[in-house]
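Content type mmCIF, C-alpha atoms, from the file work.cif:
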data_my_file
loop_
_atom_site.label_atom_id
_atom_site.label_comp_id
_atom_site.auth_asym_id
_atom_site.auth_seq_id
_atom_site.Cartn_x
_atom_site.Cartn_y
_atom_site.Cartn_z
CA THR A 1 126.00 27.67 84.29
CA PHE A 2 126.38 25.10 81.56
CA LYS A 3 125.80 21.37 81.90
CA SER A 4 126.38 18.51 79.50
CA SER A 5 123.36 16.53 78.36
CA VAL A 6 125.25 13.43 79.55
CA GLU A 7 124.63 13.33 83.31
CA VAL A 8 127.40 10.84 84.16
CA VAL A 9 129.93 8.75 82.29
CA THR A 10 130.51 5.14 83.33
CA VAL A 11 133.64 3.35 82.19
CA THR A 12 134.59 -0.29 82.66
CA ALA A 13 138.29 -0.91 83.08
CA SER A 14 140.33 -4.08 83.35
CA VAL A 15 143.83 -4.05 84.80
CA ARG A 16 146.75 -6.42 84.27
CA ASP A 17 150.26 -6.50 85.64
CA ALA A 18 153.47 -6.63 83.61
CA ARG A 19 153.15 -10.42 83.29
CA GLY A 20 149.61 -10.20 81.91
CA ARG A 21 147.86 -11.38 85.09
CA ILE A 22 144.51 -9.84 86.05
CA VAL A 23 144.74 -7.41 88.98
CA ARG A 24 141.66 -7.67 91.22
CA ASN A 25 142.40 -5.80 94.46
CA LEU A 26 142.56 -2.13 93.45
CA GLN A 27 140.56 0.58 95.21
CA LYS A 28 139.01 3.86 94.09
CA ALA A 29 142.05 5.84 95.24
CA ASP A 30 144.29 3.76 92.95
CA PHE A 31 142.70 5.19 89.77
CA GLU A 32 142.96 8.47 87.87
CA VAL A 33 140.57 9.66 85.15
CA ILE A 34 142.02 12.02 82.52
CA ASP A 35 139.32 13.60 80.32
CA SER A 36 140.62 15.64 77.38
CA GLY A 37 143.89 16.10 79.27
CA LEU A 38 142.19 17.21 82.50
CA PRO A 39 141.72 15.16 85.70
CA ARG A 40 138.16 14.24 86.73
CA GLU A 41 136.98 13.31 90.18
CA ILE A 42 135.72 9.72 90.42
CA ARG A 43 132.15 9.85 91.65
CA ASP A 44 131.27 6.17 92.03
CA PHE A 45 133.40 3.05 91.99
CA HIS A 46 132.60 -0.68 91.94
CA SER A 47 134.82 -3.72 91.93
CA GLY A 48 134.47 -7.43 92.58
CA ASP A 49 133.16 -10.61 91.01
CA SER A 50 129.84 -9.74 89.36
CA PRO A 51 127.34 -11.43 87.00
CA ILE A 52 128.01 -11.09 83.29
CA SER A 53 125.76 -10.12 80.37
CA LEU A 54 127.42 -11.51 77.26
CA ALA A 55 126.23 -11.37 73.66
CA VAL A 56 127.96 -14.00 71.54
CA LEU A 57 128.14 -12.91 67.90
CA LEU A 58 128.97 -15.76 65.51
CA ASP A 59 130.17 -15.22 61.95
CA ILE A 60 128.34 -17.62 59.59
CA SER A 61 129.50 -16.04 56.34
CA GLY A 62 130.98 -18.01 53.48
CA SER A 63 134.61 -17.38 54.43
CA MET A 64 134.05 -19.35 57.65
CA SER A 65 133.73 -22.56 55.65
CA VAL A 66 137.42 -22.42 54.77
CA GLY A 67 139.97 -24.51 56.67
CA GLY A 68 137.63 -25.76 59.38
CA ASN A 69 137.05 -22.31 60.88
CA ILE A 70 133.33 -22.84 61.53
CA GLU A 71 134.14 -25.93 63.61
CA ARG A 72 136.64 -23.89 65.63
CA ALA A 73 133.96 -21.22 66.12
CA ARG A 74 131.41 -23.76 67.39
CA GLU A 75 134.01 -25.07 69.80
CA ALA A 76 134.61 -21.52 71.06
CA ILE A 77 130.89 -21.04 71.75
CA ALA A 78 130.69 -24.33 73.67
CA THR A 79 133.75 -23.32 75.73
CA THR A 80 132.24 -19.91 76.45
CA MET A 81 128.92 -21.34 77.63
CA ALA A 82 130.78 -23.79 79.88
CA GLY A 83 132.60 -20.86 81.49
CA LEU A 84 129.44 -18.91 82.33
CA ARG A 85 127.35 -19.50 85.45
CA ASN A 86 123.86 -20.83 84.84
CA HIS A 87 121.03 -18.72 86.34
CA THR A 88 123.54 -16.04 87.44
CA ASP A 89 125.15 -14.85 84.23
CA GLU A 90 123.08 -14.19 81.13
CA ALA A 91 123.87 -14.68 77.47
CA ALA A 92 122.39 -14.12 74.04
CA LEU A 93 123.36 -15.65 70.71
CA PHE A 94 123.46 -13.72 67.45
CA THR A 95 124.70 -14.81 64.04
CA PHE A 96 125.65 -12.67 61.06
CA ASP A 97 126.61 -12.86 57.41
CA SER A 98 125.32 -9.95 55.31
CA GLY A 99 122.78 -9.24 58.09
CA LEU A 100 122.28 -9.80 61.82
CA GLN A 101 120.03 -12.54 63.24
CA GLU A 102 119.00 -12.90 66.89
CA VAL A 103 119.03 -16.66 67.56
CA VAL A 104 118.51 -16.66 71.35
CA ARG A 105 117.46 -13.57 73.29
CA PHE A 106 119.21 -12.71 76.54
CA THR A 107 118.50 -15.39 79.11
CA ASN A 108 120.03 -16.69 82.34
CA ASP A 109 118.96 -20.21 81.36
CA LEU A 110 122.21 -20.87 79.53
CA ASP A 111 121.07 -24.33 78.45
CA ARG A 112 118.88 -22.57 75.88
CA VAL A 113 122.04 -21.34 74.16
CA ARG A 114 123.86 -24.64 74.62
CA ARG A 115 121.03 -26.55 72.93
CA VAL A 116 121.12 -24.47 69.74
CA SER A 117 122.26 -26.46 66.73
CA LEU A 118 124.90 -24.59 64.78
CA GLU A 119 125.10 -27.17 62.03
CA GLY A 120 124.95 -26.05 58.44
CA THR A 121 127.13 -24.54 55.74
CA PRO A 122 128.25 -20.92 56.15
CA TRP A 123 127.29 -18.65 53.28
CA GLY A 124 126.96 -14.98 52.31
CA GLN A 125 129.09 -11.89 52.65
CA THR A 126 130.45 -10.57 55.95
CA SER A 127 129.13 -7.37 57.55
CA LEU A 128 131.31 -7.67 60.64
CA PHE A 129 131.46 -4.04 61.75
CA ASP A 130 127.75 -3.46 61.13
CA ALA A 131 126.87 -6.53 63.21
CA VAL A 132 129.13 -5.46 66.09
CA ALA A 133 127.54 -2.00 66.18
CA GLN A 134 123.97 -3.36 66.29
CA THR A 135 124.79 -5.98 68.91
CA ALA A 136 126.60 -3.44 71.12
CA ARG A 137 123.43 -1.34 71.25
CA THR A 138 121.45 -4.36 72.47
CA VAL A 139 124.02 -5.21 75.15
CA ALA A 140 124.03 -1.60 76.39
CA GLU A 141 120.41 -2.04 77.51
CA ARG A 142 121.26 -4.85 79.96
CA THR A 143 121.36 -3.99 83.68
CA ASN A 144 124.31 -6.14 84.78
CA ARG A 145 127.38 -4.08 85.56
CA HIS A 146 129.68 -6.36 83.57
CA ARG A 147 128.61 -6.75 79.95
CA ALA A 148 130.29 -7.24 76.60
CA VAL A 149 130.09 -8.47 73.03
CA LEU A 150 132.11 -11.58 72.16
CA VAL A 151 132.68 -11.81 68.40
CA ILE A 152 133.76 -15.15 66.96
CA SER A 153 134.91 -14.74 63.37
CA ASP A 154 137.72 -15.36 60.91
CA GLY A 155 138.17 -11.60 60.86
CA VAL A 156 137.52 -10.99 57.16
CA ASP A 157 134.97 -8.23 56.53
CA THR A 158 133.72 -8.00 52.95
CA HIS A 159 130.41 -6.16 53.13
CA SER A 160 130.13 -3.68 56.03
CA ARG A 161 128.88 -0.17 55.49
CA LEU A 162 130.72 1.04 58.61
CA SER A 163 134.46 1.33 59.06
CA GLY A 164 136.42 0.14 62.08
CA PRO A 165 136.75 3.65 63.59
CA GLN A 166 133.01 4.26 63.15
CA VAL A 167 132.12 1.06 65.01
CA SER A 168 134.62 1.80 67.77
CA ALA A 169 133.02 5.23 68.27
CA ILE A 170 129.56 3.64 68.60
CA ALA A 171 130.70 0.95 71.01
CA SER A 172 132.83 3.37 73.03
CA SER A 173 130.01 5.86 73.39
CA ILE A 174 127.82 3.24 75.09
CA ASP A 175 130.67 1.62 77.02
CA VAL A 176 130.39 -1.93 75.72
CA PRO A 177 133.76 -3.65 75.37
CA VAL A 178 134.17 -5.86 72.32
CA TYR A 179 136.15 -9.08 72.70
CA LEU A 180 137.26 -10.84 69.53
CA VAL A 181 138.11 -14.50 69.13
CA VAL A 182 139.57 -14.82 65.63
CA VAL A 183 139.57 -18.44 64.43
CA ALA A 184 142.34 -19.45 62.05
CA ASN A 185 143.92 -22.45 60.42
CA PRO A 186 147.17 -23.36 62.26
CA ALA A 187 149.09 -22.40 59.11
CA ASP A 188 147.62 -18.87 59.33
CA HIS A 189 148.11 -18.36 63.08
CA PRO A 190 150.63 -15.51 63.60
CA GLY A 191 153.56 -16.84 65.60
CA GLY A 192 151.93 -20.25 65.90
CA GLU A 193 153.72 -23.57 65.68
CA PHE A 194 152.54 -24.18 62.11
CA SER A 195 152.32 -20.56 60.91
CA VAL A 196 153.49 -19.39 57.50
CA LEU A 197 154.09 -15.90 56.07
CA GLN A 198 150.78 -14.06 55.71
CA THR A 199 149.63 -11.67 53.03
CA ASP A 200 149.55 -7.94 53.62
CA HIS A 201 145.76 -8.03 53.13
CA ARG A 202 145.17 -10.36 56.06
CA LYS A 203 147.61 -8.44 58.26
CA THR A 204 145.66 -5.26 57.57
CA LYS A 205 142.34 -6.89 58.52
CA THR A 206 143.76 -8.36 61.73
CA ALA A 207 145.25 -5.02 62.77
CA THR A 208 141.88 -3.33 62.22
CA LEU A 209 140.14 -5.83 64.48
CA ALA A 210 142.80 -5.39 67.15
CA ASP A 211 142.23 -1.63 67.03
CA LEU A 212 138.47 -2.13 67.38
CA ALA A 213 138.95 -4.22 70.51
CA ARG A 214 141.42 -1.79 72.04
CA TRP A 215 139.28 1.31 71.37
CA THR A 216 136.30 -0.26 73.16
CA GLY A 217 138.30 -1.52 76.14
CA GLY A 218 138.15 -5.15 75.02
CA ASP A 219 140.77 -7.53 73.68
CA MET A 220 141.48 -9.86 70.75
CA ARG A 221 142.80 -13.42 70.63
CA ILE A 222 143.63 -15.66 67.68
CA VAL A 223 142.91 -19.37 68.13
CA SER A 224 143.70 -22.32 65.90
CA LEU A 225 143.89 -25.29 68.30
CA PRO A 226 141.53 -26.45 71.11
CA MET A 227 144.01 -25.48 73.81
CA HIS A 228 144.18 -21.95 72.38
CA THR A 229 140.40 -21.67 72.56
CA THR A 230 140.21 -22.87 76.16
CA ASP A 231 142.98 -20.54 77.31
CA ALA A 232 141.61 -17.52 75.44
CA VAL A 233 137.99 -17.87 76.55
CA THR A 234 138.90 -18.63 80.17
CA ASP A 235 141.12 -15.55 80.35
CA LEU A 236 138.64 -13.23 78.63
CA LEU A 237 135.77 -14.27 80.92
CA ALA A 238 137.95 -13.78 83.99
CA GLU A 239 138.87 -10.28 82.79
CA LEU A 240 135.24 -9.40 82.10
CA ARG A 241 134.02 -10.72 85.47
CA HIS A 242 136.58 -8.68 87.40
CA GLN A 243 136.35 -5.34 85.63
CA TYR A 244 136.31 -2.10 87.62
CA LEU A 245 133.41 0.31 87.08
CA ILE A 246 134.27 4.00 87.31
CA THR A 247 131.72 6.83 87.14
CA PHE A 248 132.45 10.54 86.79
CA GLU A 249 130.74 13.75 85.66
CA PRO A 250 131.45 14.65 82.05
CA GLY A 251 133.04 17.81 80.79
CA GLU A 252 130.91 20.74 79.63
CA ARG A 253 132.23 20.77 76.07
CA ALA A 254 129.99 19.04 73.54
CA GLY A 255 131.43 16.40 71.25
CA TRP A 256 134.10 13.73 71.50
CA HIS A 257 136.21 13.58 74.68
CA PRO A 258 139.42 11.50 74.56
CA LEU A 259 139.70 9.54 77.78
CA GLU A 260 142.52 7.87 79.68
CA ILE A 261 142.15 5.72 82.79
CA ARG A 262 145.36 5.32 84.78
CA THR A 263 146.46 3.66 87.98
CA ARG A 264 148.73 5.32 90.51
CA LYS A 265 150.61 2.05 90.89
CA LYS A 266 153.49 1.44 88.52
CA ASN A 267 153.79 -1.34 85.94
CA LEU A 268 150.03 -1.90 85.61
CA ILE A 269 148.24 -1.86 82.24
CA VAL A 270 144.66 -0.52 82.07
CA HIS A 271 142.23 -1.46 79.27
CA ALA A 272 139.27 0.92 78.94
CA ARG A 273 137.40 2.69 76.17
CA SER A 274 139.23 5.52 74.49
CA GLY A 275 136.62 8.25 74.96
CA TYR A 276 132.97 9.30 75.14
CA THR A 277 130.63 11.70 73.37
CA ALA A 278 128.95 14.51 75.32
CA GLY A 279 125.75 15.97 73.95
CA PRO A 280 125.14 19.65 73.18
CA SER A 281 125.68 21.91 76.17
CA ARG A 282 122.60 23.62 77.55
CA SER A 283 122.01 26.34 80.10
CA SER A 284 120.34 25.40 83.41
#

Take the structure from the file and write it as structure tokens.
Amino acid sequence: TFKSSVEVVTVTASVRDARGRIVRNLQKADFEVIDSGLPREIRDFHSGDSPISLAVLLDISGSMSVGGNIERAREAIATTMAGLRNHTDEAALFTFDSGLQEVVRFTNDLDRVRRVSLEGTPWGQTSLFDAVAQTARTVAERTNRHRAVLVISDGVDTHSRLSGPQVSAIASSIDVPVYLVVVANPADHPGGEFSVLQTDHRKTKTATLADLARWTGGDMRIVSLPMHTTDAVTDLLAELRHQYLITFEPGERAGWHPLEIRTRKKNLIVHARSGYTAGPSRSS
């Protein structure tokens, strides 16, 4: 008999309908788990409005000083803290440029985060993917069922040692969804009222960030105006609070397992991490 060193796999999944609205009333029998092309029996299932553990990761690198992006980022943090529930949810604040700094440790006294002064001039190079990977490991240690990393950045990475796929593998393996709020000048907002043609370089960076969010089961939004920020943060917090938690026994094969979470109901879109890593098999 062989058994994976991973005892169980837990996946968080959010579900939306064809119009993009969050679906909150699904049951265990509505889901299917496909592991490496094979169905897995769902062992445990949880749904409902639950407390959130959220690590906010703010980019303070030099590129954020361009076009008022740091002001948009501060506004996004204030909007996020207003959307969390004091003494029920918990949050932490990290900043990064070429390195990661823990500004406020996880606390359910959200006023501690709200009181932090984020004044100052951004500087330094951007190690975005490195910072996401380190923060995801910290969030994975929290006990709340619903937990995530919220990255607020202009999306330009100049200094990371890790690539997008490497970070997605780390975050996916510990089941921490990464949500990205990309701040932009209205002239650089794709499809926005004041947008202009963008360079291929920026398109490539944005696509990479979108892939990172998708691989971890999160999402990405681009904001350039206050109403964009309010709408994006409100929607992302609602999605996070109403995620479904699905637990199943892993396969016996060691290594990377591609994963697909489906619903039996038509026209529903599921966001969940793209796989997990099982440890070396061992006899028992």

Name the closest residue to Ile269 in chain A among the candidates A:Val233, A:Ala148, A:Ala133, A:Ala13; distances are taken between atoms, counting only C-alpha atoms.
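Of A:Val233, A:Ala148, A:Ala133, A:Ala13, the one nearest Ile269 in chain A is A:Ala13, counting only C-alpha atoms.
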
Starting from the shown file, work through the PyMOL selection byres ((chain A and resi 240) around 8) and note down what comes out as a PyMOL selection string.
chain A and resi 14+52+146-148+236-239+241-243

Taking the file above as input, evaluate the PyMOL selection byres ((chain A and resi 61) around 10) and report the hits as a count of residues only.
26

Given only C-alpha atoms as the basis, pick out the residue of A:Ile22, A:His159, A:Asp235, A:Val182 nearest to Arg221 in chain A.
A:Val182

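Straight-line separation from CA of Gly279 in chain A to CA of Thr135 in chain A: 22.5 Å.
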
Tell me, in Å to one decimal, how far CA of Asn267 in chain A is from CA of Trp215 in chain A.
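Spanning CA of Asn267 in chain A to CA of Trp215 in chain A is a straight-line distance of 20.7 Å.
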
Could you give me, as a PyMOL selection string, the residues within 6 Å of Phe248 in chain A, counting only C-alpha atoms and dropping anything in the same chain fewer than 2 positions from it?
chain A and resi 8-9+42-43

Between CA of Ser274 in chain A and CA of Gly37 in chain A, distance in Å (one decimal):
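Spanning CA of Ser274 in chain A to CA of Gly37 in chain A is a straight-line distance of 12.5 Å.
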
Spatial sel., origin (130.9, -0.2, 77.2), limit 6 Å, all atoms listed in the file, listed as number ranges by chain:
A: 172, 174-177

Out of A:Thr216, A:Thr138, A:Thr247, A:Asn108, which residue has the shortest atom-to-atom distance to Leu84 in chain A when counting only C-alpha atoms?
A:Asn108

Polymer residues at most 10 Å from Asp35 in chain A, only C-alpha atoms, same-chain spacing of 4 or more positions, as a PyMOL selection string
chain A and resi 39-40+248+250-251+257-261+274-276

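Selection check: the PyMOL selection byres ((chain A and resi 210) around 12) on the shown file gives A:Gly155, A:Gly164, A:Pro165, A:Ser168, A:Val178, A:Tyr179, A:Leu180, A:Val181, A:Val182, A:Lys203, A:Thr204, A:Lys205, A:Thr206, A:Ala207, A:Thr208, A:Leu209, A:Asp211, A:Leu212, A:Ala213, A:Arg214, A:Trp215, A:Thr216, A:Gly217, A:Gly218, A:Asp219, A:Met220, A:Arg221, A:Ile222.
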
Which residue of A:Ala140, A:Leu57, A:Ala184, A:Leu38 approaches Pro226 in chain A most closely, using all atoms listed in the file:
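Selected residue with least distance to Pro226 in chain A: A:Ala184.
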
Please determine, counting all atoms listed in the file, which residue among A:Val11, A:Val104, A:Leu26, A:Val139 has the shortest atom-to-atom distance to Lys265 in chain A.
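The shortest atom-to-atom distance to Lys265 in chain A comes from A:Leu26.
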
Nearest to Asp231 in chain A among A:Gly83, A:Thr263, A:Ala171, A:Arg145, with distances taken over only C-alpha atoms: which residue is it?
A:Gly83

Skip Asn25 in chain A itself and residues of its chain fewer than 3 positions away, then list as a ChimeraX atom specification all residues within 10 Å of it, counting only C-alpha atoms.
/A:15,22,30,47-48,242,244

Let me have the centre and edge lengths of the axis-aligned box enclosing all listed atoms of range 87-92 of chain A with 3 Å padding on every side, in Å to one decimal, as AutoDock Vina command-line options.
--center_x 123.1 --center_y -16.4 --center_z 80.7 --size_x 10.1 --size_y 10.6 --size_z 19.4

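For the point (122.1, -12.2, 68.6), the residues with at least one atom inside 8 Å, counting all atoms listed in the file, are A:Ala55, A:Val56, A:Leu57, A:Ala92, A:Leu93, A:Phe94, A:Thr95, A:Leu100, A:Gln101, A:Glu102, A:Val103, A:Val104, A:Arg105, A:Thr135.
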